[in-house]
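Asker: The structure is given below, and queries will be raised subsequently.
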Amino acid sequence: MKRALLSLATCLFLLVVKAQPASAPEVKEFEVFWKKLYTAIVKKDYNAVCQYIEFPLVVKKSLTDTSVQTIGRQEFPGFFSGYLNMPAKDEFINKYGLLRARKTLSDDDKTMVDEDSATIEDFEFQKVGGEWKLVYVYATANE
């Protein structure tokens, strides 16, 4: 019984430690990355955006369907143009308007950054080879 309780306590401790927000240097590093990606997105410079993506990019198009699609570098401009024109939540006309409003990361965004992954809006990022890369996009209409 003691062994089971000790194991449970260890698991809970590890979960709490993992749930802690990233340290200031990790958040700062991601903020630098985000500013570069943000600038490329706002300019709709798809070639520049591509340098911040790990291809093939994984895309989920429906929350009710478990399937995903992969997007290669050649297909990315067409896909991302369509994604930016998708309807967005709240007062934003489309995803492009929503992303334009995200010039800086909010405090809530910063809690979604850890040492090797981050989630901002519909985007999931991971460190690949020591560099931040966009790896997953939820390209779903507001379901």
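Note on naming: chains are A, B, ... as they come in the structure tokens, residues start from 1 per chain, ligands start from 1 in the order shown.
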With stretch 27-30 of chain A as the partner and 10 Å as the cut-off, tabulate the residues of stretch 48-130 of chain A that qualify, each row holding the nearest pair of atoms and their distance in Å to one decimal, using only C-alpha atoms, sorted by chain and rising number, as a tab-separated table.

Answerer:
```
residue	atom	partner	partner_atom	distance
A:Leu105	CA	A:Phe30	CA	9.5
A:Asp109	CA	A:Val27	CA	9.6
A:Lys110	CA	A:Val27	CA	6.4
A:Thr111	CA	A:Val27	CA	8.8
A:Met112	CA	A:Val27	CA	9.4
A:Val113	CA	A:Val27	CA	6.4
A:Asp114	CA	A:Val27	CA	7.5
A:Glu115	CA	A:Val27	CA	8.2
A:Asp116	CA	A:Phe30	CA	9.6
A:Ser117	CA	A:Phe30	CA	9.4
A:Ala118	CA	A:Phe30	CA	8.3
A:Phe125	CA	A:Phe30	CA	9.6
A:Lys127	CA	A:Phe30	CA	9.8
```

Asker: Mind checking which residues fall within 12 Å of stretch 86-93 of chain A, counting only C-alpha atoms, ignoring those fewer than 3 positions away in the same chain, and posting them as a list in words?

Answerer: Lys61, Phe79, Phe80, Ser81, Gly82, Tyr83, Tyr96, Gly97, Leu98, Leu99, Arg100, Ala101, Arg102, Glu121, Asp122, Tyr138, Ala139, Thr140, Ala141, Asn142 and Glu143 of chain A

Asker: Could you write out, as a PDB file with all heavy atoms, in the first residue's frame, all the residues of stretch 24-76 of chain A that DSSP marks as alpha helix (DSSP H)?

Answerer:
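Written output follows (out_25.pdb):
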```pdb
ATOM      1  N   ALA A  24      11.126  32.248 -17.697  1.00  0.00           N
ATOM      2  CA  ALA A  24      11.201  33.490 -18.466  1.00  0.00           C
ATOM      3  C   ALA A  24      12.084  33.358 -19.710  1.00  0.00           C
ATOM      4  O   ALA A  24      11.685  33.824 -20.778  1.00  0.00           O
ATOM      5  CB  ALA A  24      11.665  34.631 -17.572  1.00  0.00           C
ATOM      6  N   PRO A  25      13.266  32.728 -19.633  1.00  0.00           N
ATOM      7  CA  PRO A  25      14.074  32.613 -20.859  1.00  0.00           C
ATOM      8  C   PRO A  25      13.386  31.805 -21.959  1.00  0.00           C
ATOM      9  O   PRO A  25      13.493  32.148 -23.135  1.00  0.00           O
ATOM     10  CB  PRO A  25      15.353  31.908 -20.391  1.00  0.00           C
ATOM     11  CG  PRO A  25      15.428  32.143 -18.930  1.00  0.00           C
ATOM     12  CD  PRO A  25      14.007  32.252 -18.459  1.00  0.00           C
ATOM     13  N   GLU A  26      12.665  30.754 -21.583  1.00  0.00           N
ATOM     14  CA  GLU A  26      11.965  29.949 -22.594  1.00  0.00           C
ATOM     15  C   GLU A  26      10.855  30.754 -23.249  1.00  0.00           C
ATOM     16  O   GLU A  26      10.669  30.695 -24.458  1.00  0.00           O
ATOM     17  CB  GLU A  26      11.404  28.681 -21.957  1.00  0.00           C
ATOM     18  CG  GLU A  26      12.486  27.720 -21.521  1.00  0.00           C
ATOM     19  CD  GLU A  26      12.041  26.728 -20.468  1.00  0.00           C
ATOM     20  OE1 GLU A  26      10.957  26.920 -19.875  1.00  0.00           O
ATOM     21  OE2 GLU A  26      12.780  25.768 -20.242  1.00  0.00           O
ATOM     22  N   VAL A  27      10.115  31.501 -22.457  1.00  0.00           N
ATOM     23  CA  VAL A  27       9.048  32.338 -23.011  1.00  0.00           C
ATOM     24  C   VAL A  27       9.654  33.421 -23.896  1.00  0.00           C
ATOM     25  O   VAL A  27       9.157  33.683 -24.994  1.00  0.00           O
ATOM     26  CB  VAL A  27       8.175  32.945 -21.890  1.00  0.00           C
ATOM     27  CG1 VAL A  27       7.209  33.972 -22.457  1.00  0.00           C
ATOM     28  CG2 VAL A  27       7.416  31.851 -21.153  1.00  0.00           C
ATOM     29  N   LYS A  28      10.729  34.037 -23.457  1.00  0.00           N
ATOM     30  CA  LYS A  28      11.385  35.090 -24.257  1.00  0.00           C
ATOM     31  C   LYS A  28      11.853  34.532 -25.596  1.00  0.00           C
ATOM     32  O   LYS A  28      11.695  35.175 -26.633  1.00  0.00           O
ATOM     33  CB  LYS A  28      12.567  35.701 -23.500  1.00  0.00           C
ATOM     34  CG  LYS A  28      12.167  36.495 -22.289  1.00  0.00           C
ATOM     35  CD  LYS A  28      11.403  37.734 -22.672  1.00  0.00           C
ATOM     36  CE  LYS A  28      11.037  38.535 -21.448  1.00  0.00           C
ATOM     37  NZ  LYS A  28       9.960  39.469 -21.703  1.00  0.00           N
ATOM     38  N   GLU A  29      12.415  33.323 -25.579  1.00  0.00           N
ATOM     39  CA  GLU A  29      12.880  32.699 -26.822  1.00  0.00           C
ATOM     40  C   GLU A  29      11.701  32.473 -27.761  1.00  0.00           C
ATOM     41  O   GLU A  29      11.786  32.746 -28.963  1.00  0.00           O
ATOM     42  CB  GLU A  29      13.571  31.374 -26.503  1.00  0.00           C
ATOM     43  CG  GLU A  29      14.062  30.640 -27.723  1.00  0.00           C
ATOM     44  CD  GLU A  29      14.615  29.263 -27.405  1.00  0.00           C
ATOM     45  OE1 GLU A  29      14.676  28.878 -26.215  1.00  0.00           O
ATOM     46  OE2 GLU A  29      14.972  28.569 -28.363  1.00  0.00           O
ATOM     47  N   PHE A  30      10.587  31.993 -27.227  1.00  0.00           N
ATOM     48  CA  PHE A  30       9.414  31.775 -28.068  1.00  0.00           C
ATOM     49  C   PHE A  30       8.861  33.105 -28.565  1.00  0.00           C
ATOM     50  O   PHE A  30       8.419  33.195 -29.722  1.00  0.00           O
ATOM     51  CB  PHE A  30       8.327  30.982 -27.335  1.00  0.00           C
ATOM     52  CG  PHE A  30       7.176  30.652 -28.237  1.00  0.00           C
ATOM     53  CD1 PHE A  30       7.263  29.590 -29.128  1.00  0.00           C
ATOM     54  CD2 PHE A  30       6.020  31.416 -28.242  1.00  0.00           C
ATOM     55  CE1 PHE A  30       6.219  29.295 -30.002  1.00  0.00           C
ATOM     56  CE2 PHE A  30       4.974  31.130 -29.099  1.00  0.00           C
ATOM     57  CZ  PHE A  30       5.079  30.065 -29.982  1.00  0.00           C
ATOM     58  N   GLU A  31       8.876  34.144 -27.738  1.00  0.00           N
ATOM     59  CA  GLU A  31       8.381  35.459 -28.166  1.00  0.00           C
ATOM     60  C   GLU A  31       9.181  35.992 -29.347  1.00  0.00           C
ATOM     61  O   GLU A  31       8.610  36.577 -30.277  1.00  0.00           O
ATOM     62  CB  GLU A  31       8.432  36.455 -27.009  1.00  0.00           C
ATOM     63  CG  GLU A  31       7.339  36.265 -25.998  1.00  0.00           C
ATOM     64  CD  GLU A  31       7.411  37.260 -24.853  1.00  0.00           C
ATOM     65  OE1 GLU A  31       8.502  37.448 -24.273  1.00  0.00           O
ATOM     66  OE2 GLU A  31       6.368  37.857 -24.539  1.00  0.00           O
ATOM     67  N   VAL A  32      10.485  35.794 -29.352  1.00  0.00           N
ATOM     68  CA  VAL A  32      11.323  36.222 -30.477  1.00  0.00           C
ATOM     69  C   VAL A  32      10.897  35.478 -31.742  1.00  0.00           C
ATOM     70  O   VAL A  32      10.728  36.078 -32.803  1.00  0.00           O
ATOM     71  CB  VAL A  32      12.820  35.990 -30.163  1.00  0.00           C
ATOM     72  CG1 VAL A  32      13.680  36.163 -31.408  1.00  0.00           C
ATOM     73  CG2 VAL A  32      13.278  36.926 -29.050  1.00  0.00           C
ATOM     74  N   PHE A  33      10.705  34.172 -31.612  1.00  0.00           N
ATOM     75  CA  PHE A  33      10.231  33.358 -32.733  1.00  0.00           C
ATOM     76  C   PHE A  33       8.866  33.858 -33.211  1.00  0.00           C
ATOM     77  O   PHE A  33       8.636  34.022 -34.405  1.00  0.00           O
ATOM     78  CB  PHE A  33      10.154  31.883 -32.298  1.00  0.00           C
ATOM     79  CG  PHE A  33       9.338  31.032 -33.219  1.00  0.00           C
ATOM     80  CD1 PHE A  33       9.878  30.558 -34.407  1.00  0.00           C
ATOM     81  CD2 PHE A  33       8.027  30.699 -32.907  1.00  0.00           C
ATOM     82  CE1 PHE A  33       9.118  29.764 -35.266  1.00  0.00           C
ATOM     83  CE2 PHE A  33       7.266  29.907 -33.753  1.00  0.00           C
ATOM     84  CZ  PHE A  33       7.814  29.445 -34.941  1.00  0.00           C
ATOM     85  N   TRP A  34       7.943  34.074 -32.260  1.00  0.00           N
ATOM     86  CA  TRP A  34       6.586  34.501 -32.620  1.00  0.00           C
ATOM     87  C   TRP A  34       6.604  35.817 -33.398  1.00  0.00           C
ATOM     88  O   TRP A  34       5.867  35.973 -34.374  1.00  0.00           O
ATOM     89  CB  TRP A  34       5.711  34.631 -31.374  1.00  0.00           C
ATOM     90  CG  TRP A  34       4.332  35.113 -31.708  1.00  0.00           C
ATOM     91  CD1 TRP A  34       3.830  36.374 -31.529  1.00  0.00           C
ATOM     92  CD2 TRP A  34       3.277  34.361 -32.318  1.00  0.00           C
ATOM     93  NE1 TRP A  34       2.534  36.441 -31.989  1.00  0.00           N
ATOM     94  CE2 TRP A  34       2.179  35.205 -32.482  1.00  0.00           C
ATOM     95  CE3 TRP A  34       3.167  33.040 -32.748  1.00  0.00           C
ATOM     96  CZ2 TRP A  34       0.983  34.791 -33.043  1.00  0.00           C
ATOM     97  CZ3 TRP A  34       1.963  32.622 -33.312  1.00  0.00           C
ATOM     98  CH2 TRP A  34       0.889  33.495 -33.454  1.00  0.00           C
ATOM     99  N   LYS A  35       7.440  36.765 -32.999  1.00  0.00           N
ATOM    100  CA  LYS A  35       7.494  38.057 -33.695  1.00  0.00           C
ATOM    101  C   LYS A  35       7.905  37.878 -35.153  1.00  0.00           C
ATOM    102  O   LYS A  35       7.356  38.526 -36.045  1.00  0.00           O
ATOM    103  CB  LYS A  35       8.452  39.007 -32.981  1.00  0.00           C
ATOM    104  CG  LYS A  35       7.874  39.561 -31.707  1.00  0.00           C
ATOM    105  CD  LYS A  35       8.842  40.474 -30.994  1.00  0.00           C
ATOM    106  CE  LYS A  35       8.245  40.914 -29.662  1.00  0.00           C
ATOM    107  NZ  LYS A  35       9.170  41.731 -28.880  1.00  0.00           N
ATOM    108  N   LYS A  36       8.858  36.990 -35.409  1.00  0.00           N
ATOM    109  CA  LYS A  36       9.292  36.734 -36.786  1.00  0.00           C
ATOM    110  C   LYS A  36       8.172  36.073 -37.585  1.00  0.00           C
ATOM    111  O   LYS A  36       7.897  36.473 -38.715  1.00  0.00           O
ATOM    112  CB  LYS A  36      10.529  35.836 -36.793  1.00  0.00           C
ATOM    113  CG  LYS A  36      11.757  36.507 -36.225  1.00  0.00           C
ATOM    114  CD  LYS A  36      12.906  35.513 -36.144  1.00  0.00           C
ATOM    115  CE  LYS A  36      14.095  36.101 -35.430  1.00  0.00           C
ATOM    116  NZ  LYS A  36      15.160  35.093 -35.241  1.00  0.00           N
ATOM    117  N   LEU A  37       7.539  35.062 -36.987  1.00  0.00           N
ATOM    118  CA  LEU A  37       6.434  34.378 -37.666  1.00  0.00           C
ATOM    119  C   LEU A  37       5.277  35.334 -37.896  1.00  0.00           C
ATOM    120  O   LEU A  37       4.705  35.387 -38.986  1.00  0.00           O
ATOM    121  CB  LEU A  37       5.975  33.170 -36.843  1.00  0.00           C
ATOM    122  CG  LEU A  37       4.764  32.414 -37.384  1.00  0.00           C
ATOM    123  CD1 LEU A  37       5.042  31.838 -38.771  1.00  0.00           C
ATOM    124  CD2 LEU A  37       4.351  31.318 -36.413  1.00  0.00           C
ATOM    125  N   TYR A  38       4.938  36.116 -36.879  1.00  0.00           N
ATOM    126  CA  TYR A  38       3.845  37.088 -36.975  1.00  0.00           C
ATOM    127  C   TYR A  38       4.075  38.053 -38.146  1.00  0.00           C
ATOM    128  O   TYR A  38       3.173  38.306 -38.947  1.00  0.00           O
ATOM    129  CB  TYR A  38       3.722  37.857 -35.656  1.00  0.00           C
ATOM    130  CG  TYR A  38       2.784  39.028 -35.742  1.00  0.00           C
ATOM    131  CD1 TYR A  38       1.416  38.867 -35.557  1.00  0.00           C
ATOM    132  CD2 TYR A  38       3.255  40.313 -36.022  1.00  0.00           C
ATOM    133  CE1 TYR A  38       0.552  39.937 -35.643  1.00  0.00           C
ATOM    134  CE2 TYR A  38       2.401  41.390 -36.113  1.00  0.00           C
ATOM    135  CZ  TYR A  38       1.049  41.204 -35.934  1.00  0.00           C
ATOM    136  OH  TYR A  38       0.196  42.266 -36.030  1.00  0.00           O
ATOM    137  N   THR A  39       5.286  38.576 -38.240  1.00  0.00           N
ATOM    138  CA  THR A  39       5.609  39.525 -39.313  1.00  0.00           C
ATOM    139  C   THR A  39       5.405  38.884 -40.683  1.00  0.00           C
ATOM    140  O   THR A  39       4.815  39.492 -41.576  1.00  0.00           O
ATOM    141  CB  THR A  39       7.060  40.022 -39.164  1.00  0.00           C
ATOM    142  OG1 THR A  39       7.182  40.680 -37.892  1.00  0.00           O
ATOM    143  CG2 THR A  39       7.436  40.997 -40.264  1.00  0.00           C
ATOM    144  N   ALA A  40       5.859  37.656 -40.843  1.00  0.00           N
ATOM    145  CA  ALA A  40       5.694  36.956 -42.120  1.00  0.00           C
ATOM    146  C   ALA A  40       4.213  36.701 -42.422  1.00  0.00           C
ATOM    147  O   ALA A  40       3.774  36.847 -43.572  1.00  0.00           O
ATOM    148  CB  ALA A  40       6.475  35.645 -42.097  1.00  0.00           C
ATOM    149  N   ILE A  41       3.435  36.336 -41.393  1.00  0.00           N
ATOM    150  CA  ILE A  41       2.000  36.080 -41.593  1.00  0.00           C
ATOM    151  C   ILE A  41       1.282  37.360 -42.001  1.00  0.00           C
ATOM    152  O   ILE A  41       0.490  37.369 -42.945  1.00  0.00           O
ATOM    153  CB  ILE A  41       1.363  35.474 -40.331  1.00  0.00           C
ATOM    154  CG1 ILE A  41       1.855  34.042 -40.112  1.00  0.00           C
ATOM    155  CG2 ILE A  41      -0.168  35.490 -40.426  1.00  0.00           C
ATOM    156  CD1 ILE A  41       1.443  33.436 -38.784  1.00  0.00           C
ATOM    157  N   VAL A  42       1.541  38.456 -41.300  1.00  0.00           N
ATOM    158  CA  VAL A  42       0.858  39.719 -41.583  1.00  0.00           C
ATOM    159  C   VAL A  42       1.179  40.205 -42.998  1.00  0.00           C
ATOM    160  O   VAL A  42       0.313  40.735 -43.692  1.00  0.00           O
ATOM    161  CB  VAL A  42       1.215  40.785 -40.518  1.00  0.00           C
ATOM    162  CG1 VAL A  42       0.756  42.162 -40.933  1.00  0.00           C
ATOM    163  CG2 VAL A  42       0.595  40.406 -39.186  1.00  0.00           C
ATOM    164  N   TYR A  46       4.339  33.915 -47.725  1.00  0.00           N
ATOM    165  CA  TYR A  46       4.267  32.478 -47.472  1.00  0.00           C
ATOM    166  C   TYR A  46       5.633  31.803 -47.531  1.00  0.00           C
ATOM    167  O   TYR A  46       5.866  30.820 -46.823  1.00  0.00           O
ATOM    168  CB  TYR A  46       3.279  31.813 -48.426  1.00  0.00           C
ATOM    169  CG  TYR A  46       1.883  32.398 -48.298  1.00  0.00           C
ATOM    170  CD1 TYR A  46       1.166  32.789 -49.409  1.00  0.00           C
ATOM    171  CD2 TYR A  46       1.297  32.585 -47.048  1.00  0.00           C
ATOM    172  CE1 TYR A  46      -0.112  33.334 -49.287  1.00  0.00           C
ATOM    173  CE2 TYR A  46       0.024  33.119 -46.907  1.00  0.00           C
ATOM    174  CZ  TYR A  46      -0.670  33.495 -48.035  1.00  0.00           C
ATOM    175  OH  TYR A  46      -1.925  34.036 -47.902  1.00  0.00           O
ATOM    176  N   ASN A  47       6.537  32.317 -48.358  1.00  0.00           N
ATOM    177  CA  ASN A  47       7.888  31.749 -48.387  1.00  0.00           C
ATOM    178  C   ASN A  47       8.585  31.969 -47.054  1.00  0.00           C
ATOM    179  O   ASN A  47       9.281  31.081 -46.557  1.00  0.00           O
ATOM    180  CB  ASN A  47       8.714  32.345 -49.523  1.00  0.00           C
ATOM    181  CG  ASN A  47       8.263  31.840 -50.871  1.00  0.00           C
ATOM    182  OD1 ASN A  47       7.819  30.703 -50.996  1.00  0.00           O
ATOM    183  ND2 ASN A  47       8.359  32.675 -51.885  1.00  0.00           N
ATOM    184  N   ALA A  48       8.419  33.132 -46.472  1.00  0.00           N
ATOM    185  CA  ALA A  48       9.014  33.404 -45.162  1.00  0.00           C
ATOM    186  C   ALA A  48       8.346  32.563 -44.080  1.00  0.00           C
ATOM    187  O   ALA A  48       9.021  32.039 -43.192  1.00  0.00           O
ATOM    188  CB  ALA A  48       8.911  34.892 -44.821  1.00  0.00           C
ATOM    189  N   VAL A  49       7.029  32.402 -44.149  1.00  0.00           N
ATOM    190  CA  VAL A  49       6.322  31.578 -43.167  1.00  0.00           C
ATOM    191  C   VAL A  49       6.852  30.148 -43.223  1.00  0.00           C
ATOM    192  O   VAL A  49       7.038  29.495 -42.191  1.00  0.00           O
ATOM    193  CB  VAL A  49       4.794  31.604 -43.396  1.00  0.00           C
ATOM    194  CG1 VAL A  49       4.084  30.612 -42.483  1.00  0.00           C
ATOM    195  CG2 VAL A  49       4.230  33.007 -43.166  1.00  0.00           C
ATOM    196  N   CYS A  50       7.141  29.656 -44.426  1.00  0.00           N
ATOM    197  CA  CYS A  50       7.615  28.279 -44.601  1.00  0.00           C
ATOM    198  C   CYS A  50       8.873  27.973 -43.803  1.00  0.00           C
ATOM    199  O   CYS A  50       9.071  26.840 -43.364  1.00  0.00           O
ATOM    200  CB  CYS A  50       7.864  27.982 -46.076  1.00  0.00           C
ATOM    201  SG  CYS A  50       6.352  27.657 -47.011  1.00  0.00           S
ATOM    202  N   PHE A  76       1.585  24.540 -49.375  1.00  0.00           N
ATOM    203  CA  PHE A  76       1.355  25.424 -48.244  1.00  0.00           C
ATOM    204  C   PHE A  76       0.742  26.777 -48.620  1.00  0.00           C
ATOM    205  O   PHE A  76      -0.222  27.200 -47.972  1.00  0.00           O
ATOM    206  CB  PHE A  76       2.640  25.635 -47.434  1.00  0.00           C
ATOM    207  CG  PHE A  76       2.433  26.572 -46.288  1.00  0.00           C
ATOM    208  CD1 PHE A  76       1.749  26.152 -45.148  1.00  0.00           C
ATOM    209  CD2 PHE A  76       2.872  27.884 -46.342  1.00  0.00           C
ATOM    210  CE1 PHE A  76       1.518  27.016 -44.101  1.00  0.00           C
ATOM    211  CE2 PHE A  76       2.649  28.757 -45.303  1.00  0.00           C
ATOM    212  CZ  PHE A  76       1.970  28.326 -44.175  1.00  0.00           C
TER     213      PHE A  76
END
```

Asker: Enter the distance from atom CA of A:Asp45 to atom CA of A:Lys95, in Å, rounded to one decimal.

Answerer: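 So the answer is 15.6 Å.
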
Asker: Please identify the strand (DSSP E) residues within stretch 16-116 of chain A (assignment by DSSP from backbone atoms) and present them as a list of chain:residue names.

Answerer: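 Answer for stretch 16-116 of chain A restricted to strand (DSSP E) is A:Ile53, A:Glu54, A:Phe55, A:Pro56, A:Leu57, A:Val58, A:Val59, A:Lys60, A:Gln69, A:Thr70, A:Ile71.
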
Asker: Convert the current residue selection to file output with N, CA, C and O atoms, as a PDB file, in the first residue's frame.

Answerer:
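The new file again_36.pdb reads:
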```pdb
ATOM      1  N   ILE A  53       8.175  26.368 -40.394  1.00  0.00           N
ATOM      2  CA  ILE A  53       7.289  25.196 -40.394  1.00  0.00           C
ATOM      3  C   ILE A  53       8.114  23.929 -40.547  1.00  0.00           C
ATOM      4  O   ILE A  53       9.068  23.886 -41.330  1.00  0.00           O
ATOM      5  N   GLU A  54       7.706  22.908 -39.828  1.00  0.00           N
ATOM      6  CA  GLU A  54       8.265  21.572 -40.012  1.00  0.00           C
ATOM      7  C   GLU A  54       7.323  20.844 -40.970  1.00  0.00           C
ATOM      8  O   GLU A  54       6.182  20.551 -40.624  1.00  0.00           O
ATOM      9  N   PHE A  55       7.811  20.599 -42.185  1.00  0.00           N
ATOM     10  CA  PHE A  55       7.008  19.922 -43.197  1.00  0.00           C
ATOM     11  C   PHE A  55       7.243  18.430 -43.138  1.00  0.00           C
ATOM     12  O   PHE A  55       8.360  18.006 -42.848  1.00  0.00           O
ATOM     13  N   PRO A  56       6.236  17.613 -43.403  1.00  0.00           N
ATOM     14  CA  PRO A  56       4.895  18.040 -43.767  1.00  0.00           C
ATOM     15  C   PRO A  56       4.150  18.575 -42.542  1.00  0.00           C
ATOM     16  O   PRO A  56       4.273  18.041 -41.445  1.00  0.00           O
ATOM     17  N   LEU A  57       3.406  19.639 -42.752  1.00  0.00           N
ATOM     18  CA  LEU A  57       2.584  20.244 -41.716  1.00  0.00           C
ATOM     19  C   LEU A  57       1.334  19.389 -41.543  1.00  0.00           C
ATOM     20  O   LEU A  57       0.693  18.997 -42.513  1.00  0.00           O
ATOM     21  N   VAL A  58       0.991  19.085 -40.295  1.00  0.00           N
ATOM     22  CA  VAL A  58      -0.192  18.283 -40.012  1.00  0.00           C
ATOM     23  C   VAL A  58      -1.366  19.227 -39.767  1.00  0.00           C
ATOM     24  O   VAL A  58      -1.249  20.180 -38.998  1.00  0.00           O
ATOM     25  N   VAL A  59      -2.488  18.956 -40.434  1.00  0.00           N
ATOM     26  CA  VAL A  59      -3.656  19.828 -40.362  1.00  0.00           C
ATOM     27  C   VAL A  59      -4.884  19.008 -39.997  1.00  0.00           C
ATOM     28  O   VAL A  59      -5.144  17.966 -40.600  1.00  0.00           O
ATOM     29  N   LYS A  60      -5.621  19.483 -39.023  1.00  0.00           N
ATOM     30  CA  LYS A  60      -6.902  18.878 -38.649  1.00  0.00           C
ATOM     31  C   LYS A  60      -7.984  19.819 -39.159  1.00  0.00           C
ATOM     32  O   LYS A  60      -8.015  20.988 -38.804  1.00  0.00           O
ATOM     33  N   GLN A  69      -4.751  15.784 -42.246  1.00  0.00           N
ATOM     34  CA  GLN A  69      -4.196  15.940 -43.583  1.00  0.00           C
ATOM     35  C   GLN A  69      -2.767  16.440 -43.419  1.00  0.00           C
ATOM     36  O   GLN A  69      -2.461  17.149 -42.462  1.00  0.00           O
ATOM     37  N   THR A  70      -1.894  16.085 -44.336  1.00  0.00           N
ATOM     38  CA  THR A  70      -0.550  16.654 -44.307  1.00  0.00           C
ATOM     39  C   THR A  70      -0.390  17.588 -45.492  1.00  0.00           C
ATOM     40  O   THR A  70      -0.890  17.325 -46.590  1.00  0.00           O
ATOM     41  N   ILE A  71       0.291  18.691 -45.230  1.00  0.00           N
ATOM     42  CA  ILE A  71       0.508  19.713 -46.247  1.00  0.00           C
ATOM     43  C   ILE A  71       2.009  19.829 -46.488  1.00  0.00           C
ATOM     44  O   ILE A  71       2.780  20.068 -45.551  1.00  0.00           O
TER      45      ILE A  71
END
```

Asker: Please, what distance in Å, to one decimal, runs between atom CA of A:Asn94 and atom CA of A:Asp108?

Answerer: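 Separation between atom CA of A:Asn94 and atom CA of A:Asp108: 21.3 Å.
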
Asker: For atom CA of A:Lys103 and atom CA of A:Leu134, quote the distance in Å rounded to one decimal.

Answerer: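 Straight-line distance from atom CA of A:Lys103 to atom CA of A:Leu134 works out to 16.7 Å.
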
Asker: So which one's closest to A:Lys43, A:Glu124, A:Gly72, A:Gly78, A:Leu84? Using only C-alpha atoms, please.

Answerer: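 Once distances to A:Lys43 are computed over only C-alpha atoms, the minimum belongs to A:Leu84.
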